[in-house]
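**Student:** For reference, the file model_23.cif (mmCIF, C-alpha atoms) is included below:
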data_work
loop_
_atom_site.group_PDB
_atom_site.id
_atom_site.type_symbol
_atom_site.label_atom_id
_atom_site.label_comp_id
_atom_site.auth_asym_id
_atom_site.auth_seq_id
_atom_site.Cartn_x
_atom_site.Cartn_y
_atom_site.Cartn_z
ATOM 1 C CA MET A 23 21.893 25.032 -169.995
ATOM 2 C CA PHE A 24 19.220 22.704 -168.615
ATOM 3 C CA VAL A 25 18.358 21.242 -172.036
ATOM 4 C CA PHE A 26 22.045 20.775 -172.819
ATOM 5 C CA ARG A 27 22.577 18.918 -169.540
ATOM 6 C CA LEU A 28 19.569 16.714 -170.200
ATOM 7 C CA LEU A 29 20.795 15.786 -173.689
ATOM 8 C CA ARG A 30 24.291 15.063 -172.334
ATOM 9 C CA LEU A 31 22.788 12.850 -169.628
ATOM 10 C CA ILE A 32 20.743 10.853 -172.136
ATOM 11 C CA ALA A 33 23.795 10.441 -174.385
ATOM 12 C CA HIS A 34 25.880 9.342 -171.382
ATOM 13 C CA LEU A 35 23.306 6.724 -170.427
ATOM 14 C CA PHE A 36 23.413 5.286 -173.950
ATOM 15 C CA LYS A 37 27.214 5.348 -173.818
ATOM 16 C CA GLY A 38 27.064 3.323 -170.627
ATOM 17 C CA MET A 39 24.807 0.776 -172.297
ATOM 18 C CA ALA A 40 27.253 0.460 -175.187
ATOM 19 C CA ILE A 41 30.171 -0.074 -172.776
ATOM 20 C CA CYS A 42 28.247 -2.814 -170.952
ATOM 21 C CA ALA A 43 27.134 -4.513 -174.147
ATOM 22 C CA PHE A 44 30.322 -4.361 -176.217
ATOM 23 C CA LEU A 45 33.265 -3.939 -173.814
ATOM 24 C CA PHE A 46 32.332 -5.760 -170.608
ATOM 25 C CA PRO A 47 32.295 -9.246 -172.203
ATOM 26 C CA PHE A 48 35.966 -8.813 -173.163
ATOM 27 C CA THR A 49 37.178 -6.890 -170.107
ATOM 28 C CA SER A 50 38.676 -8.124 -166.838
ATOM 29 C CA GLU A 51 37.043 -7.443 -163.477
ATOM 30 C CA LYS A 52 39.511 -4.622 -162.808
ATOM 31 C CA GLY A 53 38.821 -3.182 -166.243
ATOM 32 C CA ARG A 54 35.060 -3.235 -165.650
ATOM 33 C CA GLU A 55 35.547 -1.499 -162.303
ATOM 34 C CA ALA A 56 37.607 1.217 -163.995
ATOM 35 C CA HIS A 57 34.855 1.755 -166.596
ATOM 36 C CA ILE A 58 32.156 1.942 -163.884
ATOM 37 C CA ARG A 59 34.193 4.382 -161.799
ATOM 38 C CA ARG A 60 34.882 6.736 -164.742
ATOM 39 C CA TRP A 61 31.314 6.517 -166.027
ATOM 40 C CA SER A 62 29.850 7.237 -162.568
ATOM 41 C CA ARG A 63 32.106 10.246 -162.043
ATOM 42 C CA LYS A 64 31.130 11.699 -165.403
ATOM 43 C CA LEU A 65 27.432 11.096 -164.722
ATOM 44 C CA LEU A 66 27.707 13.177 -161.566
ATOM 45 C CA ARG A 67 29.597 15.941 -163.415
ATOM 46 C CA ILE A 68 26.899 16.080 -166.074
ATOM 47 C CA CYS A 69 24.316 16.445 -163.290
ATOM 48 C CA GLY A 70 26.319 19.410 -161.995
ATOM 49 C CA ILE A 71 27.434 17.571 -158.859
ATOM 50 C CA THR A 72 30.911 17.952 -157.399
ATOM 51 C CA ILE A 73 32.259 14.904 -155.558
ATOM 52 C CA ARG A 74 34.133 15.280 -152.289
ATOM 53 C CA ILE A 75 35.400 11.962 -150.909
ATOM 54 C CA ASP A 76 37.090 11.422 -147.566
ATOM 55 C CA SER A 77 38.256 7.807 -147.724
ATOM 56 C CA PRO A 78 41.899 7.631 -146.591
ATOM 57 C CA GLN A 79 42.018 3.916 -145.754
ATOM 58 C CA PRO A 80 41.905 1.019 -148.241
ATOM 59 C CA ILE A 81 38.437 -0.533 -148.340
ATOM 60 C CA PRO A 82 38.727 -4.032 -146.838
ATOM 61 C CA ARG A 83 36.889 -7.171 -147.877
ATOM 62 C CA SER A 84 33.669 -6.076 -146.287
ATOM 63 C CA LEU A 85 29.977 -5.331 -146.453
ATOM 64 C CA LEU A 86 29.722 -1.636 -147.275
ATOM 65 C CA VAL A 87 26.738 0.266 -145.825
ATOM 66 C CA ALA A 88 25.612 3.889 -146.091
ATOM 67 C CA ASN A 89 22.612 6.089 -145.433
ATOM 68 C CA HIS A 90 20.229 6.391 -148.360
ATOM 69 C CA VAL A 91 19.187 9.757 -149.813
ATOM 70 C CA SER A 92 18.805 9.388 -153.574
ATOM 71 C CA TRP A 93 19.217 7.206 -156.640
ATOM 72 C CA LEU A 94 22.476 9.156 -157.004
ATOM 73 C CA ASP A 95 23.929 7.318 -153.993
ATOM 74 C CA ILE A 96 24.925 4.252 -156.016
ATOM 75 C CA PHE A 97 26.925 6.361 -158.442
ATOM 76 C CA VAL A 98 28.589 8.383 -155.689
ATOM 77 C CA VAL A 99 29.811 5.165 -154.062
ATOM 78 C CA ASN A 100 30.765 3.677 -157.430
ATOM 79 C CA SER A 101 32.850 6.763 -158.188
ATOM 80 C CA LEU A 102 35.045 5.651 -155.286
ATOM 81 C CA GLN A 103 34.730 1.862 -155.391
ATOM 82 C CA PRO A 104 32.388 -0.015 -157.736
ATOM 83 C CA CYS A 105 30.237 -2.366 -155.685
ATOM 84 C CA ARG A 106 27.541 -4.964 -156.118
ATOM 85 C CA PHE A 107 24.494 -3.213 -154.666
ATOM 86 C CA VAL A 108 21.368 -4.804 -153.256
ATOM 87 C CA ALA A 109 18.269 -3.005 -154.548
ATOM 88 C CA LYS A 110 14.560 -3.646 -154.923
ATOM 89 C CA SER A 111 13.462 -5.314 -158.143
ATOM 90 C CA ASP A 112 11.385 -2.249 -159.174
ATOM 91 C CA ILE A 113 14.605 -0.465 -160.159
ATOM 92 C CA ARG A 114 15.164 -3.019 -162.921
ATOM 93 C CA GLY A 115 12.207 -1.437 -164.726
ATOM 94 C CA TRP A 116 13.587 2.114 -164.691
ATOM 95 C CA PRO A 117 14.319 3.309 -168.255
ATOM 96 C CA LEU A 118 18.030 2.920 -169.130
ATOM 97 C CA ILE A 119 19.208 3.215 -165.525
ATOM 98 C CA GLY A 120 17.603 -0.107 -164.538
ATOM 99 C CA TRP A 121 19.335 -1.938 -167.387
ATOM 100 C CA LEU A 122 22.666 -0.345 -166.507
ATOM 101 C CA CYS A 123 22.307 -1.308 -162.844
ATOM 102 C CA ALA A 124 21.652 -4.908 -163.838
ATOM 103 C CA LYS A 125 24.674 -5.049 -166.127
ATOM 104 C CA THR A 126 26.991 -3.585 -163.477
ATOM 105 C CA GLY A 127 26.206 -6.283 -160.938
ATOM 106 C CA THR A 128 23.256 -4.949 -158.943
ATOM 107 C CA ILE A 129 21.534 -7.700 -156.953
ATOM 108 C CA PHE A 130 17.773 -7.261 -157.257
ATOM 109 C CA ILE A 131 15.449 -8.552 -154.545
ATOM 110 C CA SER A 132 11.688 -8.941 -154.703
ATOM 111 C CA ARG A 133 9.593 -7.874 -151.746
ATOM 112 C CA GLY A 134 7.834 -10.644 -149.835
ATOM 113 C CA LYS A 135 9.502 -13.607 -151.610
ATOM 114 C CA ALA A 136 11.209 -15.910 -149.104
ATOM 115 C CA SER A 137 12.895 -17.934 -151.866
ATOM 116 C CA ASP A 138 14.346 -14.752 -153.349
ATOM 117 C CA VAL A 139 15.732 -13.677 -149.982
ATOM 118 C CA ARG A 140 17.426 -17.081 -149.497
ATOM 119 C CA ARG A 141 18.966 -16.885 -152.976
ATOM 120 C CA ILE A 142 20.149 -13.317 -152.495
ATOM 121 C CA PHE A 143 21.585 -13.999 -149.043
ATOM 122 C CA LYS A 144 23.635 -16.953 -150.257
ATOM 123 C CA GLY A 145 24.907 -14.893 -153.181
ATOM 124 C CA LEU A 146 25.920 -12.032 -150.890
ATOM 125 C CA VAL A 147 28.001 -14.331 -148.694
ATOM 126 C CA GLU A 148 29.682 -15.912 -151.715
ATOM 127 C CA SER A 149 30.454 -12.513 -153.264
ATOM 128 C CA ILE A 150 32.049 -11.216 -150.050
ATOM 129 C CA GLU A 151 34.050 -14.422 -149.643
ATOM 130 C CA LYS A 152 35.389 -13.979 -153.181
ATOM 131 C CA GLY A 153 36.630 -10.507 -152.252
ATOM 132 C CA GLU A 154 33.972 -8.568 -154.134
ATOM 133 C CA HIS A 155 32.704 -5.300 -152.675
ATOM 134 C CA VAL A 156 29.040 -5.674 -151.749
ATOM 135 C CA ALA A 157 26.937 -2.717 -150.598
ATOM 136 C CA PHE A 158 23.427 -2.011 -149.378
ATOM 137 C CA PHE A 159 21.413 0.739 -147.717
ATOM 138 C CA PRO A 160 20.148 -0.614 -144.370
ATOM 139 C CA GLU A 161 17.437 2.031 -144.005
ATOM 140 C CA GLY A 162 15.623 0.073 -146.702
ATOM 141 C CA THR A 163 14.342 3.193 -148.454
ATOM 142 C CA THR A 164 15.408 6.770 -149.080
ATOM 143 C CA ALA A 165 14.984 9.324 -146.301
ATOM 144 C CA PRO A 166 15.029 13.148 -146.332
ATOM 145 C CA GLN A 167 18.377 14.623 -145.459
ATOM 146 C CA GLY A 168 18.564 15.532 -141.819
ATOM 147 C CA THR A 169 16.893 12.279 -140.773
ATOM 148 C CA LEU A 170 18.156 8.726 -140.401
ATOM 149 C CA LEU A 171 15.673 5.872 -140.367
ATOM 150 C CA PRO A 172 16.158 2.756 -138.225
ATOM 151 C CA PHE A 173 18.520 0.243 -139.840
ATOM 152 C CA HIS A 174 17.237 -3.191 -140.820
ATOM 153 C CA ALA A 175 19.427 -5.973 -139.520
ATOM 154 C CA ASN A 176 18.749 -8.983 -141.747
ATOM 155 C CA LEU A 177 21.413 -8.476 -144.441
ATOM 156 C CA PHE A 178 24.149 -7.786 -141.877
ATOM 157 C CA GLU A 179 24.125 -11.541 -141.313
ATOM 158 C CA ALA A 180 25.976 -11.902 -144.636
ATOM 159 C CA ALA A 181 29.034 -10.153 -143.188
ATOM 160 C CA ILE A 182 28.961 -12.443 -140.149
ATOM 161 C CA ASP A 183 28.714 -15.597 -142.270
ATOM 162 C CA ALA A 184 31.472 -14.392 -144.606
ATOM 163 C CA LYS A 185 33.680 -13.457 -141.615
ATOM 164 C CA ALA A 186 34.076 -9.956 -143.040
ATOM 165 C CA GLU A 187 33.934 -6.501 -141.506
ATOM 166 C CA VAL A 188 31.236 -3.894 -142.025
ATOM 167 C CA GLN A 189 32.491 -0.684 -143.652
ATOM 168 C CA PRO A 190 30.119 2.247 -142.989
ATOM 169 C CA TYR A 191 30.092 5.459 -145.029
ATOM 170 C CA ALA A 192 28.257 8.714 -144.334
ATOM 171 C CA LEU A 193 26.754 10.368 -147.409
ATOM 172 C CA ARG A 194 25.233 13.806 -147.823
ATOM 173 C CA TYR A 195 24.535 16.426 -150.500
ATOM 174 C CA ILE A 196 25.236 20.052 -149.652
ATOM 175 C CA ASP A 197 24.968 23.462 -151.319
ATOM 176 C CA ARG A 198 27.609 26.171 -151.656
ATOM 177 C CA GLU A 199 26.983 27.310 -148.084
ATOM 178 C CA GLY A 200 27.471 23.837 -146.666
ATOM 179 C CA LYS A 201 23.777 23.322 -145.968
ATOM 180 C CA LEU A 202 21.884 20.166 -146.922
ATOM 181 C CA HIS A 203 20.747 20.511 -150.546
ATOM 182 C CA PRO A 204 16.974 19.881 -150.863
ATOM 183 C CA ALA A 205 17.200 18.908 -154.551
ATOM 184 C CA ALA A 206 18.896 15.623 -153.630
ATOM 185 C CA ASP A 207 15.923 14.234 -151.687
ATOM 186 C CA PHE A 208 14.165 11.374 -153.490
ATOM 187 C CA ILE A 209 11.166 10.598 -151.311
ATOM 188 C CA GLY A 210 7.440 10.053 -151.286
ATOM 189 C CA ASP A 211 5.735 9.734 -154.659
ATOM 190 C CA MET A 212 8.539 11.437 -156.581
ATOM 191 C CA SER A 213 9.366 9.530 -159.767
ATOM 192 C CA ILE A 214 12.872 8.942 -161.073
ATOM 193 C CA ALA A 215 12.136 11.335 -163.967
ATOM 194 C CA GLU A 216 11.016 14.091 -161.584
ATOM 195 C CA SER A 217 14.116 13.603 -159.461
ATOM 196 C CA ILE A 218 16.434 13.766 -162.474
ATOM 197 C CA LEU A 219 14.825 16.999 -163.691
ATOM 198 C CA THR A 220 15.035 18.537 -160.210
ATOM 199 C CA ILE A 221 18.737 17.687 -159.932
ATOM 200 C CA LEU A 222 19.544 18.970 -163.417
ATOM 201 C CA LYS A 223 17.913 22.297 -162.546
ATOM 202 C CA ALA A 224 19.729 22.583 -159.217
ATOM 203 C CA LYS A 225 22.960 24.511 -158.775
ATOM 204 C CA GLY A 226 25.972 24.202 -156.550
ATOM 205 C CA MET A 227 25.427 20.653 -155.298
ATOM 206 C CA THR A 228 28.314 18.708 -153.744
ATOM 207 C CA ALA A 229 28.155 15.030 -152.809
ATOM 208 C CA GLU A 230 30.226 14.243 -149.731
ATOM 209 C CA LEU A 231 31.173 10.641 -148.941
ATOM 210 C CA LYS A 232 32.985 9.995 -145.668
ATOM 211 C CA GLN A 233 34.647 6.740 -144.671
ATOM 212 C CA LEU A 234 34.043 5.697 -141.056
ATOM 213 C CA PRO A 235 35.905 3.152 -138.901
ATOM 214 C CA VAL A 236 35.213 -0.482 -139.819
ATOM 215 C CA ILE A 237 33.035 -2.554 -137.526
ATOM 216 C CA ASN A 238 34.285 -5.993 -136.514
ATOM 217 C CA THR A 239 31.695 -8.755 -136.858
ATOM 218 C CA GLU A 240 33.400 -11.505 -134.877
ATOM 219 C CA GLY A 241 30.993 -12.737 -132.199
ATOM 220 C CA ALA A 242 28.488 -10.011 -133.084
ATOM 221 C CA HIS A 243 24.757 -10.300 -133.716
ATOM 222 C CA ARG A 244 23.247 -8.665 -136.771
ATOM 223 C CA ARG A 245 21.142 -6.380 -134.538
ATOM 224 C CA ASP A 246 24.332 -5.140 -132.890
ATOM 225 C CA LEU A 247 25.909 -4.472 -136.287
ATOM 226 C CA ALA A 248 22.840 -2.562 -137.483
ATOM 227 C CA ARG A 249 22.801 -0.441 -134.341
ATOM 228 C CA ALA A 250 26.559 0.241 -134.412
ATOM 229 C CA SER A 251 26.429 1.166 -138.112
ATOM 230 C CA ARG A 252 23.554 3.576 -137.567
ATOM 231 C CA GLU A 253 25.304 5.254 -134.654
ATOM 232 C CA ALA A 254 28.541 5.600 -136.646
ATOM 233 C CA ILE A 255 26.794 7.072 -139.688
ATOM 234 C CA ALA A 256 24.712 9.469 -137.575
ATOM 235 C CA ALA A 257 27.921 10.712 -135.928
ATOM 236 C CA GLY A 258 29.643 10.950 -139.327
ATOM 237 C CA LEU A 259 26.808 13.124 -140.624
ATOM 238 C CA GLY A 260 26.970 15.308 -137.536
ATOM 239 C CA TYR A 261 23.361 14.572 -136.583
ATOM 240 C CA SER A 262 22.207 15.068 -133.016
ATOM 241 C CA SER A 263 19.643 12.753 -131.454
ATOM 242 C CA GLU A 264 16.958 15.402 -132.096
ATOM 243 C CA GLU A 265 17.746 15.537 -135.820
ATOM 244 C CA ILE A 266 17.323 11.854 -136.626
ATOM 245 C CA SER A 267 14.212 9.733 -136.470
ATOM 246 C CA PRO A 268 13.542 7.981 -133.168
ATOM 247 C CA VAL A 269 15.630 4.884 -132.635
ATOM 248 C CA SER A 270 13.720 1.639 -132.686
ATOM 249 C CA SER A 271 14.955 -1.907 -132.504
ATOM 250 C CA PRO A 272 16.438 -2.951 -135.849
ATOM 251 C CA ALA A 273 14.144 -5.155 -137.895
ATOM 252 C CA ASP A 274 15.484 -8.628 -137.283
ATOM 253 C CA ILE A 275 14.283 -11.541 -139.351
ATOM 254 C CA GLN A 276 15.989 -14.772 -140.186
ATOM 255 C CA PRO A 277 17.568 -14.751 -143.674
ATOM 256 C CA GLY A 278 15.277 -16.777 -145.896
ATOM 257 C CA THR A 279 12.032 -15.620 -144.314
ATOM 258 C CA VAL A 280 9.735 -12.971 -145.764
ATOM 259 C CA PRO A 281 11.299 -9.560 -145.061
ATOM 260 C CA ASP A 282 9.626 -6.447 -143.830
ATOM 261 C CA PRO A 283 8.639 -4.524 -147.018
ATOM 262 C CA GLN A 284 10.679 -1.545 -145.824
ATOM 263 C CA ALA A 285 13.781 -3.720 -145.511
ATOM 264 C CA VAL A 286 14.282 -3.804 -149.251
ATOM 265 C CA PRO A 287 16.423 -0.881 -150.490
ATOM 266 C CA ARG A 288 14.795 1.573 -152.858
#
Could you show the structure in this file as structure tokens?

**Tutor:**
Amino acid sequence: MFVFRLLRLIAHLFKGMAICAFLFPFTSEKGREAHIRRWSRKLLRICGITIRIDSPQPIPRSLLVANHVSWLDIFVVNSLQPCRFVAKSDIRGWPLIGWLCAKTGTIFISRGKASDVRRIFKGLVESIEKGEHVAFFPEGTTAPQGTLLPFHANLFEAAIDAKAEVQPYALRYIDREGKLHPAADFIGDMSIAESILTILKAKGMTAELKQLPVINTEGAHRRDLARASREAIAAGLGYSSEEISPVSSPADIQPGTVPDPQAVPR
């Protein structure tokens, strides 16, 4: 069963590359979104993951944010609404997956490069203004389930400049008993290959994605948006104050300056 899943996953990744290379150039934006949504849903099925989405309201023109558990998170969100994600440039080098992320609109950012941050920030504002769905993980890196790292505030400025709302989502992976599934965690020195093998061997995993009330950005400061988003997501996950990491002031740097290394999503 494991070997069969692995072979199906590899074949599905190559299928995704073919879609990007041969269909995307001749497909409308809506058509590309439909391809990404279907492909993401099938990827999760191949990995043995059931998707449970609670998103009753239309997603507005907004900056979408969520807690960050795994490389799977992008595909869980894309199974609902394909987005342009902000991710660290290292992901571009991941075999197959990195190429697919680039072709589906992922915005890569290099750590410590002020010029890159300025370019990315301007692009985020323009994308939101055009009505595109832009998403990022404000924790800046993956965290074990049951914890929630402090949220970095710098990229929330894009929503303020674009006069758009922030749409938070709570994301978790559970087992058949409703407990947090340990196989989803992608932390420490674990490689993408190790994580994939762990997930393929796991059983009974369900990805739950829960829409939370939008956060208005009018007159707000990015630190306020980071704090409000973190509080909303913590509540959406059902975490008590003892279960999440200690709250600290959100990292707050001016867009265009060198970011905290942890502020770049994994």

**Student:** So the first atom is CA of Lys225 in chain A and the second is CA of Leu31 in chain A; what is the distance between them in Å, to one decimal place?

**Tutor:**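 That distance, rounded to one decimal, is 15.9 Å.
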
**Student:** Could you give me, as CSV, every range 116-211 of chain A residue with an atom at most 12 Å from range 76-79 of chain A, plus its closest atom pair and distance in Å to one decimal, counting only C-alpha atoms, rows ordered by chain then number?

**Tutor:**
residue,atom,partner,partner_atom,distance
A:Gln189,CA,A:Gln79,CA,10.8
A:Pro190,CA,A:Ser77,CA,10.9
A:Tyr191,CA,A:Ser77,CA,8.9
A:Ala192,CA,A:Asp76,CA,9.8
A:Leu193,CA,A:Asp76,CA,10.4

**Student:** Take the PyMOL selection byres ((chain A and resi 165) around 12), run it mentally on this structure, and tell me the resulting residues as an MDAnalysis selection string.

**Tutor:** chainID A and resid 88:93 95 159:164 166:173 193:194 204 206:210 266:267 284 287:288

**Student:** Given the choices A:Gly53, A:Gly200, A:Gly120, A:Pro235, which gets closest to Ile81 in chain A if the distance is worked out from only C-alpha atoms?

**Tutor:**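 Among the listed residues, the smallest separation from Ile81 in chain A belongs to A:Pro235.
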
**Student:** Looking at only C-alpha atoms, which of A:Leu28, A:Ala33, A:Ala186, A:Cys69 is the one that sits closest to Lys152 in chain A?

**Tutor:** A:Ala186

**Student:** So the first atom is CA of Asn100 in chain A and the second is CA of Ile131 in chain A; what is the distance between them in Å, to one decimal place?

**Tutor:** 19.8 Å
